[in-house]
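Comments concern the structure below.
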Amino acid sequence: MHINPYLEQESIQSASPTQHASISELFNTSKQTLSKESLHEMASVELIKDSAVMIVLPGDVLFDSGLAELKPQNINTLREVAKIIKPTPFVINIIGHTDNLPIKNDKFASNWELSTTRACVTADYLIRQMGIEPTRIYAAGHAEHKPIRSNHTAEGRAANRRVEIIISKEKPFLFSNNIVEVNNHL
């Protein structure tokens, strides 16, 4: 795997004393906050080898089926997550996911569009409403192509409809050298 030399990883400056000093501390703070705010039923938190914290919000918590407008009654969940990550120096990668059922509305032509729009709407809320610096945020959609459960049951499909907020020390991998070489030859 090659990293694009034109998109070198920016080093993230060390946190001020009020910021979380490590990913592990962020993980512990996230777990405590979600428990204290009684949000543990609406979100889960995972530590990924002290390199990232992943907060998983079920799609049904933030969005109605087939739509990409944040549910007003559950906006507090996203607000509490934002309060956890805002004071950190880390990068925020927001990824939307869907189940494998084809979308059936006029707003989105595919699950790709729905999942990407949900990630962008989540990112926009964090930027505009919570004041998180836009340069820290990346958004992507994976549609039904990264399931965490089988899509053969209603419970599995519900688990696959989610928004992941991954807080890490490094930017997500964006391009390979092969893509740069192709683009340089055009």
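Numbering starts fresh at 1 for the residues of each chain in the structure tokens, the chains themselves are lettered A, B, ... in the order given, and ligands are numbered from 1 as they appear.
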May I have the residues within 9 Å of Pro102 of chain A as a compact mmCIF listing (two decimals) with N, CA and C atoms, in the first residue's frame, using only C-alpha atoms and disregarding those fewer than 3 positions away in the same chain?
# COMPACT_ATOMS: atom_id res chain seq x y z
N ASP A 99 -28.50 -0.48 4.84
CA ASP A 99 -28.69 -1.92 4.64
C ASP A 99 -28.70 -2.19 3.14
N SER A 110 -29.82 5.99 -5.02
CA SER A 110 -29.17 4.76 -4.57
C SER A 110 -28.81 4.87 -3.09
N ASN A 111 -28.45 3.72 -2.53
CA ASN A 111 -27.97 3.72 -1.14
C ASN A 111 -26.64 4.45 -1.01
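For segment 5-140 of chain A, a DSSP pass over the backbone yields strand (DSSP E) at Ser44, Val45, Glu46, Leu47, Ile48, Ala52, Val53, Met54, Ile55, Val56, Leu57, Pro58, Val91, Ile92, Asn93, Ile94, Ile95, Gly96, His97, Ile137, Tyr138, Ala139 and Ala140 of chain A.
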Store the residues picked out above, limited to N, CA, C and O atoms, as a tab-separated table (two decimals), in the first residue's frame.
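Once everything was written out, this is part_36.tsv:
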chain	number	residue	atom	x	y	z
A	44	SER	N	-22.81	3.42	20.65
A	44	SER	CA	-21.79	2.56	21.24
A	44	SER	C	-20.42	3.18	20.96
A	44	SER	O	-20.27	3.98	20.05
A	45	VAL	N	-19.45	2.80	21.78
A	45	VAL	CA	-18.10	3.34	21.65
A	45	VAL	C	-17.12	2.18	21.63
A	45	VAL	O	-17.24	1.26	22.43
A	46	GLU	N	-16.16	2.22	20.70
A	46	GLU	CA	-15.13	1.19	20.61
A	46	GLU	C	-13.77	1.84	20.54
A	46	GLU	O	-13.61	2.90	19.93
A	47	LEU	N	-12.77	1.20	21.15
A	47	LEU	CA	-11.38	1.63	21.06
A	47	LEU	C	-10.70	0.76	20.03
A	47	LEU	O	-10.80	-0.47	20.08
A	48	ILE	N	-10.02	1.38	19.07
A	48	ILE	CA	-9.34	0.64	18.01
A	48	ILE	C	-7.84	0.77	18.21
A	48	ILE	O	-7.22	1.74	17.78
A	52	ALA	N	-7.63	4.96	17.38
A	52	ALA	CA	-8.89	5.62	17.04
A	52	ALA	C	-9.98	5.22	18.02
A	52	ALA	O	-9.92	4.16	18.65
A	53	VAL	N	-10.96	6.09	18.11
A	53	VAL	CA	-12.19	5.79	18.85
A	53	VAL	C	-13.32	5.84	17.83
A	53	VAL	O	-13.40	6.78	17.04
A	54	MET	N	-14.17	4.81	17.85
A	54	MET	CA	-15.29	4.78	16.93
A	54	MET	C	-16.59	4.85	17.73
A	54	MET	O	-16.84	3.99	18.58
A	55	ILE	N	-17.37	5.88	17.46
A	55	ILE	CA	-18.69	6.02	18.06
A	55	ILE	C	-19.69	5.65	16.97
A	55	ILE	O	-19.68	6.22	15.88
A	56	VAL	N	-20.53	4.66	17.26
A	56	VAL	CA	-21.49	4.17	16.28
A	56	VAL	C	-22.88	4.62	16.71
A	56	VAL	O	-23.34	4.31	17.80
A	57	LEU	N	-23.53	5.35	15.81
A	57	LEU	CA	-24.90	5.81	16.04
A	57	LEU	C	-25.80	5.06	15.07
A	57	LEU	O	-25.64	5.20	13.85
A	58	PRO	N	-26.73	4.27	15.58
A	58	PRO	CA	-27.65	3.57	14.67
A	58	PRO	C	-28.37	4.57	13.77
A	58	PRO	O	-28.77	5.65	14.22
A	91	VAL	N	-8.59	14.08	14.23
A	91	VAL	CA	-9.33	14.08	12.97
A	91	VAL	C	-10.65	13.34	13.17
A	91	VAL	O	-10.70	12.35	13.91
A	92	ILE	N	-11.70	13.78	12.49
A	92	ILE	CA	-13.03	13.18	12.62
A	92	ILE	C	-13.45	12.66	11.25
A	92	ILE	O	-13.61	13.44	10.31
A	93	ASN	N	-13.64	11.36	11.16
A	93	ASN	CA	-14.06	10.72	9.92
A	93	ASN	C	-15.48	10.20	10.12
A	93	ASN	O	-15.72	9.36	10.98
A	94	ILE	N	-16.42	10.72	9.35
A	94	ILE	CA	-17.83	10.34	9.49
A	94	ILE	C	-18.20	9.47	8.29
A	94	ILE	O	-18.03	9.88	7.14
A	95	ILE	N	-18.72	8.28	8.59
A	95	ILE	CA	-19.04	7.33	7.53
A	95	ILE	C	-20.50	6.89	7.67
A	95	ILE	O	-20.91	6.39	8.71
A	96	GLY	N	-21.26	7.06	6.59
A	96	GLY	CA	-22.64	6.61	6.55
A	96	GLY	C	-22.74	5.22	5.95
A	96	GLY	O	-21.99	4.89	5.03
A	97	HIS	N	-23.66	4.42	6.49
A	97	HIS	CA	-23.89	3.05	6.02
A	97	HIS	C	-25.39	2.82	5.88
A	97	HIS	O	-26.18	3.41	6.61
A	137	ILE	N	-12.64	17.44	9.58
A	137	ILE	CA	-13.71	16.51	9.30
A	137	ILE	C	-13.64	15.95	7.87
A	137	ILE	O	-13.41	16.69	6.92
A	138	TYR	N	-13.86	14.65	7.75
A	138	TYR	CA	-13.97	13.94	6.49
A	138	TYR	C	-15.29	13.19	6.51
A	138	TYR	O	-15.70	12.69	7.55
A	139	ALA	N	-15.97	13.12	5.37
A	139	ALA	CA	-17.25	12.41	5.30
A	139	ALA	C	-17.25	11.48	4.10
A	139	ALA	O	-16.73	11.83	3.04
A	140	ALA	N	-17.84	10.30	4.29
A	140	ALA	CA	-17.92	9.31	3.21
A	140	ALA	C	-19.15	8.44	3.42
A	140	ALA	O	-19.67	8.34	4.53
Residue nearest Arg79 of chain A - candidates A:Arg136, A:Arg128, A:Lys31, A:Arg118, atoms counted: only C-alpha atoms:
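Nearest to Arg79 of chain A: A:Arg128.
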Find the residue from A:Gln129, A:Ser115, A:Ser35, A:Ser22 that sits nearest to Lys169 of chain A; use only C-alpha atoms when measuring.
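Going through A:Gln129, A:Ser115, A:Ser35, A:Ser22 one by one, the smallest distance to Lys169 of chain A is for A:Ser22.
Taking only C-alpha atoms into account, Leu70 of chain A lies nearest to A:Thr117 out of the set A:Arg157, A:Ile132, A:Ala143, A:Thr117.
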Show me, as an MDAnalysis selection string, the residues that have an atom within 10 Å of Pro147 of chain A when counting only C-alpha atoms, minus same-chain residues fewer than 5 positions from it.
chainID A and resid 97:100 142 156:157 159:162
Keeping only N, CA and C atoms, take the residues you just selected and write them out as a PDB file, in the first residue's frame.
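Just written: again_33.pdb:
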ATOM      1  N   HIS A  97     -23.656   4.423   6.487  1.00  0.00           N
ATOM      2  CA  HIS A  97     -23.885   3.054   6.018  1.00  0.00           C
ATOM      3  C   HIS A  97     -25.387   2.816   5.881  1.00  0.00           C
ATOM      4  N   THR A  98     -25.773   1.933   4.983  1.00  0.00           N
ATOM      5  CA  THR A  98     -27.173   1.536   4.828  1.00  0.00           C
ATOM      6  C   THR A  98     -27.276   0.014   4.867  1.00  0.00           C
ATOM      7  N   ASP A  99     -28.501  -0.484   4.837  1.00  0.00           N
ATOM      8  CA  ASP A  99     -28.694  -1.920   4.643  1.00  0.00           C
ATOM      9  C   ASP A  99     -28.702  -2.191   3.139  1.00  0.00           C
ATOM     10  N   ASN A 100     -29.024  -3.408   2.754  1.00  0.00           N
ATOM     11  CA  ASN A 100     -28.952  -3.752   1.333  1.00  0.00           C
ATOM     12  C   ASN A 100     -30.285  -3.627   0.592  1.00  0.00           C
ATOM     13  N   HIS A 142     -20.647   4.440   2.493  1.00  0.00           N
ATOM     14  CA  HIS A 142     -20.296   3.099   2.016  1.00  0.00           C
ATOM     15  C   HIS A 142     -21.516   2.297   1.581  1.00  0.00           C
ATOM     16  N   GLY A 156     -30.485  -7.517  11.661  1.00  0.00           N
ATOM     17  CA  GLY A 156     -29.205  -7.326  10.987  1.00  0.00           C
ATOM     18  C   GLY A 156     -29.202  -6.079  10.120  1.00  0.00           C
ATOM     19  N   ARG A 157     -30.289  -5.886   9.364  1.00  0.00           N
ATOM     20  CA  ARG A 157     -30.390  -4.682   8.529  1.00  0.00           C
ATOM     21  C   ARG A 157     -30.396  -3.430   9.388  1.00  0.00           C
ATOM     22  N   ALA A 159     -28.922  -3.007  12.271  1.00  0.00           N
ATOM     23  CA  ALA A 159     -27.544  -2.792  12.747  1.00  0.00           C
ATOM     24  C   ALA A 159     -26.664  -2.204  11.645  1.00  0.00           C
ATOM     25  N   ASN A 160     -26.924  -2.577  10.409  1.00  0.00           N
ATOM     26  CA  ASN A 160     -26.108  -2.098   9.288  1.00  0.00           C
ATOM     27  C   ASN A 160     -26.405  -0.650   8.920  1.00  0.00           C
ATOM     28  N   ARG A 161     -27.595  -0.165   9.238  1.00  0.00           N
ATOM     29  CA  ARG A 161     -27.946   1.244   9.009  1.00  0.00           C
ATOM     30  C   ARG A 161     -27.356   2.041  10.174  1.00  0.00           C
ATOM     31  N   ARG A 162     -26.261   2.751   9.893  1.00  0.00           N
ATOM     32  CA  ARG A 162     -25.564   3.420  10.990  1.00  0.00           C
ATOM     33  C   ARG A 162     -24.707   4.555  10.458  1.00  0.00           C
TER      34      ARG A 162
END
Option closest in space to Val121 of chain A, from A:Lys86, A:Ala68, A:Leu34, A:Gly141 [counting only C-alpha atoms]:
A:Ala68
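If you measure from each of A:Leu114, A:Met42, A:Leu101, A:Ile84 to Glu69 of chain A using only C-alpha atoms, the closest one turns out to be A:Leu114.
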Alpha helix (DSSP H) positions in segment 10-147 of chain A, given as number ranges by chain
A: 23-36, 59-62, 75-85, 111-128
Counting only C-alpha atoms, the option among A:Leu67, A:Ile75, A:Ile103, A:Ala119 closest to Ile166 of chain A:
A:Ala119
Just how far from atom CA of Lys83 of chain A is atom CA of Thr135 of chain A, in Å to one decimal?
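One can read the atom CA of Thr135 of chain A to atom CA of Lys83 of chain A distance as 17.4 Å.
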